[in-house]
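Trainee: Handing you this structure, nothing more for now.
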Amino acid sequence: MPVYSEKVMQHFMNPHNVGEIEDADGVGEIGNPVCGDMMTFYIKVKDNRIEDVKYKTFGCGAAIAVSSMVSDLVKGKTLEEALTVTPSMVAKELEGLPKNKLHCSNLGAQALHKAIKNYAIKNKIDIPGLTDKEEPEEDEHACET
Amino acid sequence: MPVYSEKVMQHFMNPHNVGEIEDADGVGEIGNPVCGDMMTFYIKVKDNRIEDVKYKTFGCGAAIAVSSMVSDLVKGKTLEEALTVTPSMVAKELEGLPKNKLHCSNLGAQALHKAIKNYAIKNKIDIPGLTDKEEPEEDEHACET
Amino acid sequence: MDNVAAAPLLPEVREAMLPYLGQIFGNPQSLHNWGDGAREALEGAREQVAALIGGASEEIVFTSSGTEANNMAVKGIARARSEKGKHIIVSAIEHFSVFNSARTMQREGFEISLAPVDSTGTVIPAELLKLVRPDTVLISVMHASGEVGTIQPLAEIAAGLPKDGPVLHTDAVASAGNIPVDVKKLGVQALSMAGNQFNGPRGSAALWIKRGVRILPLLDGGIQEGGRRPGTEDVPAIAGLGKAAEIAKRDLEVRMERLSGLRDMLIEGVLGEVEHSVLTGHPVNRLPGYASFCLRFIEGEAILMLLNSHGIAAASGSACTSRALKASHVLLAMGINHELAQGSVLFTLGPNNDAEDVKYVLENLPKVVDRLRQMSPLYSKYLKEQKG
Amino acid sequence: MDNVAAAPLLPEVREAMLPYLGQIFGNPQSLHNWGDGAREALEGAREQVAALIGGASEEIVFTSSGTEANNMAVKGIARARSEKGKHIIVSAIEHFSVFNSARTMQREGFEISLAPVDSTGTVIPAELLKLVRPDTVLISVMHASGEVGTIQPLAEIAAGLPKDGPVLHTDAVASAGNIPVDVKKLGVQALSMAGNQFNGPRGSAALWIKRGVRILPLLDGGIQEGGRRPGTEDVPAIAGLGKAAEIAKRDLEVRMERLSGLRDMLIEGVLGEVEHSVLTGHPVNRLPGYASFCLRFIEGEAILMLLNSHGIAAASGSACTSRALKASHVLLAMGINHELAQGSVLFTLGPNNDAEDVKYVLENLPKVVDRLRQMSPLYSKYLKEQKG
Ligand SMILES: Cc1ncc(COP(=O)(O)O)c(C=O)c1O
Ligand SMILES: Cc1ncc(COP(=O)(O)O)c(C=O)c1O
């Protein structure tokens, strides 16, 4: 009974889509190093689709695997589709996460969400599924989610 | 590190002088079954000497070994000499007793002492070393000594 | 025949432990691979133990002894529920680890009631239930006595308790692995057990706590056992406990039948061949391997020492064997007087014993008894009274 | 190189235990012969353990873990002395088993003061002594940290205490068996230690309590360990602890020299070859086998997982590795900020490690760090700031 599933280990050992996009259309950052996890997601959008997605992640094995999985799940999807990616979907695709690591799967989806929001604001567009989800404001001192 | 010394085991396995003396000159009984130990000592006195000594003992291994050792120590001794046998002498001759069994060595000497006292009273004599030691009256409820 | 105190480790159990005394020395809390083998051993054992008693594996907390499991249950549950009330009921024949834990809670402001037993050492459910009050937060009644083998009517007690009332804990240290134990059938919310009572290793024990029952940890520290029992896990002992549980479950019926047969042979033999002997505990509802007696006019420690010289191991509840120099509170609670209690002797049979052993005891015990009675002032008084 | 969490059992220790997993299965409390072998093992081990720390064998109480020894010391001594006063001082870097025990005592009405440490993780004796009050009944300061290896100036603290004042307890779980430990030289009245920290078995630990120091038992029950720690004794574990203590004493100097050499090689290598790395703990007064660092911009769990993929075991004090998701209070108490604390990594060297192992770590660690930094948003920010 290892701590992490095979799938998590695969993504951790060989994370997909790591990196930055210099001329990203949207950037979303979440978490902070005090809590042990921090992610920055970059998206490139074309025809309402996520043409490219990259990220940088500071954090535990789960945080890295989650970032990788989120990037896989949304690449090539429309923005609306991408917004339907939920933390529990991410955890499920990763064949489960230890209970105390579930907050990592929240972070991944949130960071992507923020990147899309950033894109929407910059381009002054309205994306269904975006405005009705209010981002919880981060609290520097509350690391547990 | 067995609980009991070799000497104790020898006396326990082959106690000396076990028995009763039908026409004893002095009888001393001490202890009670509630406490787990009870001894009756019988002495036969001739010319102020303990010509014969026997006992019956109900109790633990130490109680039996102590009775046997006391009987060995006093047999053939004058009454005055016999009265000098102390619990610590008995314990020493037995190569030590476990701390929680030390009360057994008190009992042995006390029972003998009582037998001598019984002899003294019956014969209305005064033996040096007897009157100055006051027997502690036994308390049915106080087993620890 | 002192299998309780000196239960031999089953060879299979030993085999299950050895790897963890060798190469698989990982820490189950570690992230690296070497920890994985240890973690698997731990979780495997948790399932084996849970299966033995019909609980769920997440409900098992490993401890270092039956004593620790009992302390954790009594103190941990009482402390966790102290806002609901401060009354505890324990039976009059509990092991000291339950009894003295209750006394510690008494110093912490709890009130303790003792549920009486009858002359067979059986708790009387109606009497116990009378003691239940609105502020009773915990009841602890052993499943079976380790001194006289009597099995307690737990299900009956459980059935009489108010819903959402007191938590019912049972000390199943003497019973688990030896007779069927099913937490659901017993109706308990917490149960202690220990591996060395069913041929598992020393240092291996467990507390089962039903999900939802609150308990404060006894040990403070790190995160092992979900924080409920911190400290580096004794992986070899736990692996051995798991294996012993698996084997006990597998062999339970066969073993019970075999041991009950030997036990009854021993009991009949002793009662038949040793004058002034009485069986202690329940004649029928008793642990398979337990044959316990009181032999009049003589003292337990001396009996054990002479038996030992014949190569026979046994135990006693006499004052002299107790170090505290007090006769067993269990025997006294059953109405046995101090004098008779001194002559207590307990034989416990295990997998290594057979009919030959029983015969050997039956040959030698009468001699031992006779020899000590010849030395006993009580016996000679009795004989004189008979004559006179 | 995670010898603390996964210390391999020494073959000699294993040999010392095996007999008690086989034929010598007696109960040391039994009167019969079979108990004698077990009793001898127990008393022999007690002498070996006492010899290791310069105490008397009657002053040793065996427990199941360092955690239990610490709980027993802190709670048992505080409770026994509560009539003299209700103030306890512990250092800010104590293990959770001491720290949380103190917090439990706080709930029982005690006041707790935390003695600060400097940036090397060393308790400042003058600062601690300032906290001493007339009602201070217990001070607990670890002998050496299991996270950063810093050795504490206990003798200096002891020298500054009023005569017949507070009892000084030390958690020597990380130090005993690894560096010289002499209760007289340290000036302490109670000391905890654990066998699995010096290649002895799990489930084997001890509390030394100076004769005359009062302590209430943590576990209530029977008469084992003189009633101070009841429960069936784990004879194999205790026998193994004794053997490990004997070997540790015998080999201490040689082992210390060897491990310090390897450690210094590792420390120099890491500091030289990994940019943005800092040594945690004291540069000199540290446990021989302990090399601990913080590596900036990356997180400990990820470091451990990648090291593990190279076959290297290590530990970390990062939030993510802690299950409670909090960065090590030890690192924070030393003034290390949360961000840096996330990159904590600890290598512990043991008898099976050699220079080859150290070289292997020095080859692979930089790669692991680099790979994670390439992924780290903190590192790219840092690089940008450097450029801009
Ligand atoms: C300093 C210190 N104290 C106590 C402990 C707890 O010991 P155990 O896990 O044996 O309970 C540890 C464990 O690593 C430690 O390093
Ligand atoms: C009924 C019962 N409970 C508890 C215990 C204590 O178990 P341990 O010695 O493993 O702590 C015993 C031990 O014989 C027992 O018989």
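Simple scheme: letters A, B, ... for chains in structure tokens order, numbers from 1 for residues in each chain, numbers from 1 for ligands in the order shown.
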Write out, as JSON lines, each residue of chain C that has an atom at most 7 Å from ligand 1, together with the closest pair of atoms and their distance in Å to one decimal, counting only C-alpha atoms and all ligand atoms, rows going by chain and rising number.

Mentor:
{"residue": "C:Pro230", "atom": "CA", "partner": "ligand 1", "partner_atom_place_in_ligand_line": "11 (O)", "distance": 6.7}
{"residue": "C:Gly231", "atom": "CA", "partner": "ligand 1", "partner_atom_place_in_ligand_line": "11 (O)", "distance": 3.3}
{"residue": "C:Thr232", "atom": "CA", "partner": "ligand 1", "partner_atom_place_in_ligand_line": "9 (O)", "distance": 3.6}

Trainee: Can I get the selected residues back with N, CA, C and O atoms, as a compact mmCIF listing (two decimals), in the first residue's frame?

Mentor:
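Written file, part-v3.txt:
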# COMPACT_ATOMS: atom_id res chain seq x y z
N PRO C 230 0.50 7.25 18.93
CA PRO C 230 1.78 7.59 18.33
C PRO C 230 2.94 6.77 18.89
O PRO C 230 2.81 6.13 19.93
N GLY C 231 4.05 6.85 18.20
CA GLY C 231 5.25 6.07 18.56
C GLY C 231 5.61 5.18 17.38
O GLY C 231 4.71 4.68 16.69
N THR C 232 6.91 4.97 17.17
CA THR C 232 7.34 4.11 16.07
C THR C 232 6.64 2.76 16.18
O THR C 232 6.62 2.14 17.24

Trainee: Could you list, as a VMD selection string, every residue of chain B that has an atom within 12 Å of an atom of chain C, counting only C-alpha atoms?

Mentor: chain B and resid 2 to 4 8 to 10 12 to 20 28 to 42 54 to 65 67 to 68 98 to 104 140 to 145

Trainee: Would you pick out the contacts of region 329-335 of chain C at 10 Å or less, using only C-alpha atoms, so that residues sharing its chain but fewer than 2 positions from it are not included, and give the list as a ChimeraX atom specification?

Mentor: /C:91-96,116-123,145-148,280-281,294,317-319,326-327,337-338,340-342,344

Trainee: Please produce a file of the residues just selected, as a short mmCIF file (atom, residue, chain, number, x, y, z; two decimals), in the first residue's frame, where the atoms kept are N, CA, C and O atoms.

Mentor:
data_model
loop_
_atom_site.label_atom_id
_atom_site.label_comp_id
_atom_site.auth_asym_id
_atom_site.auth_seq_id
_atom_site.Cartn_x
_atom_site.Cartn_y
_atom_site.Cartn_z
N SER C 91 -17.05 -4.27 36.16
CA SER C 91 -17.43 -5.44 36.94
C SER C 91 -16.41 -5.64 38.06
O SER C 91 -15.30 -5.12 38.01
N ALA C 92 -16.82 -6.40 39.04
CA ALA C 92 -15.96 -6.62 40.22
C ALA C 92 -14.79 -7.55 39.92
O ALA C 92 -13.92 -7.72 40.76
N ILE C 93 -14.77 -8.15 38.73
CA ILE C 93 -13.69 -9.11 38.46
C ILE C 93 -12.79 -8.65 37.32
O ILE C 93 -12.09 -9.45 36.72
N GLU C 94 -12.80 -7.37 37.01
CA GLU C 94 -11.94 -6.88 35.92
C GLU C 94 -10.46 -7.08 36.24
O GLU C 94 -10.06 -7.10 37.40
N HIS C 95 -9.68 -7.19 35.17
CA HIS C 95 -8.22 -7.21 35.30
C HIS C 95 -7.76 -5.86 35.86
O HIS C 95 -8.42 -4.84 35.66
N PHE C 96 -6.62 -5.87 36.54
CA PHE C 96 -6.14 -4.63 37.16
C PHE C 96 -5.96 -3.48 36.16
O PHE C 96 -6.06 -2.31 36.53
N PRO C 116 -21.60 -6.56 40.54
CA PRO C 116 -21.24 -7.81 41.24
C PRO C 116 -21.30 -9.03 40.32
O PRO C 116 -21.89 -8.99 39.25
N VAL C 117 -20.67 -10.10 40.79
CA VAL C 117 -20.73 -11.38 40.06
C VAL C 117 -21.32 -12.43 40.99
O VAL C 117 -21.31 -12.28 42.21
N ASP C 118 -21.80 -13.51 40.39
CA ASP C 118 -22.30 -14.61 41.22
C ASP C 118 -21.16 -15.57 41.55
O ASP C 118 -20.00 -15.28 41.24
N SER C 119 -21.49 -16.70 42.15
CA SER C 119 -20.42 -17.59 42.61
C SER C 119 -19.66 -18.26 41.48
O SER C 119 -18.59 -18.83 41.69
N THR C 120 -20.19 -18.19 40.24
CA THR C 120 -19.45 -18.75 39.10
C THR C 120 -18.60 -17.68 38.43
O THR C 120 -18.00 -17.92 37.40
N GLY C 121 -18.59 -16.50 39.01
CA GLY C 121 -17.80 -15.41 38.41
C GLY C 121 -18.50 -14.76 37.23
O GLY C 121 -17.85 -14.14 36.39
N THR C 122 -19.82 -14.90 37.17
CA THR C 122 -20.58 -14.32 36.06
C THR C 122 -21.25 -13.02 36.51
O THR C 122 -21.93 -13.00 37.53
N VAL C 123 -21.06 -11.97 35.74
CA VAL C 123 -21.74 -10.71 36.01
C VAL C 123 -23.24 -10.94 35.85
O VAL C 123 -23.67 -11.61 34.90
N SER C 145 -12.77 -14.14 31.82
CA SER C 145 -11.80 -13.95 32.89
C SER C 145 -10.53 -14.73 32.61
O SER C 145 -10.57 -15.91 32.23
N GLY C 146 -9.40 -14.08 32.81
CA GLY C 146 -8.11 -14.74 32.66
C GLY C 146 -7.72 -15.52 33.91
O GLY C 146 -6.67 -16.13 33.97
N GLU C 147 -8.58 -15.51 34.93
CA GLU C 147 -8.24 -16.23 36.16
C GLU C 147 -9.09 -17.46 36.37
O GLU C 147 -8.62 -18.47 36.89
N VAL C 148 -10.37 -17.36 36.00
CA VAL C 148 -11.23 -18.53 36.20
C VAL C 148 -11.93 -18.92 34.90
O VAL C 148 -12.68 -19.91 34.87
N THR C 280 -13.24 -23.51 40.28
CA THR C 280 -13.62 -22.09 40.32
C THR C 280 -14.07 -21.66 38.94
O THR C 280 -13.57 -22.16 37.93
N GLY C 281 -15.01 -20.71 38.92
CA GLY C 281 -15.53 -20.24 37.63
C GLY C 281 -16.73 -21.05 37.21
O GLY C 281 -17.20 -21.93 37.93
N CYS C 294 -9.65 -24.38 43.58
CA CYS C 294 -9.08 -24.06 44.89
C CYS C 294 -8.92 -25.37 45.64
O CYS C 294 -9.85 -26.19 45.67
N GLY C 317 -3.91 -17.62 42.07
CA GLY C 317 -4.41 -16.32 42.51
C GLY C 317 -4.22 -16.13 44.00
O GLY C 317 -4.91 -15.34 44.62
N SER C 318 -3.27 -16.89 44.58
CA SER C 318 -3.06 -16.77 46.03
C SER C 318 -2.36 -15.47 46.36
O SER C 318 -1.76 -14.83 45.50
N ALA C 319 -2.44 -15.08 47.62
CA ALA C 319 -1.82 -13.83 48.06
C ALA C 319 -0.31 -13.88 47.83
O ALA C 319 0.30 -12.92 47.36
N LYS C 326 -1.87 -10.02 48.13
CA LYS C 326 -3.31 -10.02 48.35
C LYS C 326 -3.91 -11.12 47.50
O LYS C 326 -3.56 -11.29 46.35
N ALA C 327 -4.87 -11.83 48.09
CA ALA C 327 -5.52 -12.89 47.33
C ALA C 327 -6.31 -12.25 46.19
O ALA C 327 -6.74 -11.09 46.27
N ASN C 337 -13.76 -17.59 50.27
CA ASN C 337 -13.12 -16.92 51.40
C ASN C 337 -11.60 -16.89 51.25
O ASN C 337 -11.02 -17.62 50.44
N HIS C 338 -10.97 -16.03 52.04
CA HIS C 338 -9.53 -15.83 51.93
C HIS C 338 -8.77 -17.14 52.06
O HIS C 338 -7.83 -17.40 51.33
N LEU C 340 -9.63 -20.29 51.49
CA LEU C 340 -9.75 -21.16 50.32
C LEU C 340 -9.03 -20.55 49.12
O LEU C 340 -8.37 -21.24 48.34
N ALA C 341 -9.12 -19.22 49.00
CA ALA C 341 -8.49 -18.53 47.86
C ALA C 341 -6.97 -18.76 47.84
O ALA C 341 -6.36 -18.76 46.78
N GLN C 342 -6.39 -18.96 49.03
CA GLN C 342 -4.94 -19.20 49.06
C GLN C 342 -4.55 -20.46 48.30
O GLN C 342 -3.42 -20.59 47.83
N SER C 344 -5.55 -21.47 45.48
CA SER C 344 -5.96 -21.39 44.08
C SER C 344 -4.86 -21.90 43.15
O SER C 344 -3.68 -21.65 43.37
#

Trainee: Please extract the residues of region 10-144 of chain B with a backbone DSSP assignment of strand (DSSP E or B) and present them as a PyMOL selection string.

Mentor: chain B and resi 18+26-32+37-46+49-58+78

Trainee: Hey, which residues sit close to ligand 2? Say within 9 Å, counting only C-alpha atoms and all ligand atoms, and write them as a ChimeraX atom specification.

Mentor: /C:4-5,64-70,94-98,142-147,171-175,192-197,202-205 /D:221-222,224,230-233

Trainee: One decimal, in Å: what's the spacing between CA of Leu191 (chain C) and CA of Leu168 (chain C)?

Mentor: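 Spanning CA of Leu191 (chain C) to CA of Leu168 (chain C) is a straight-line distance of 8.7 Å.
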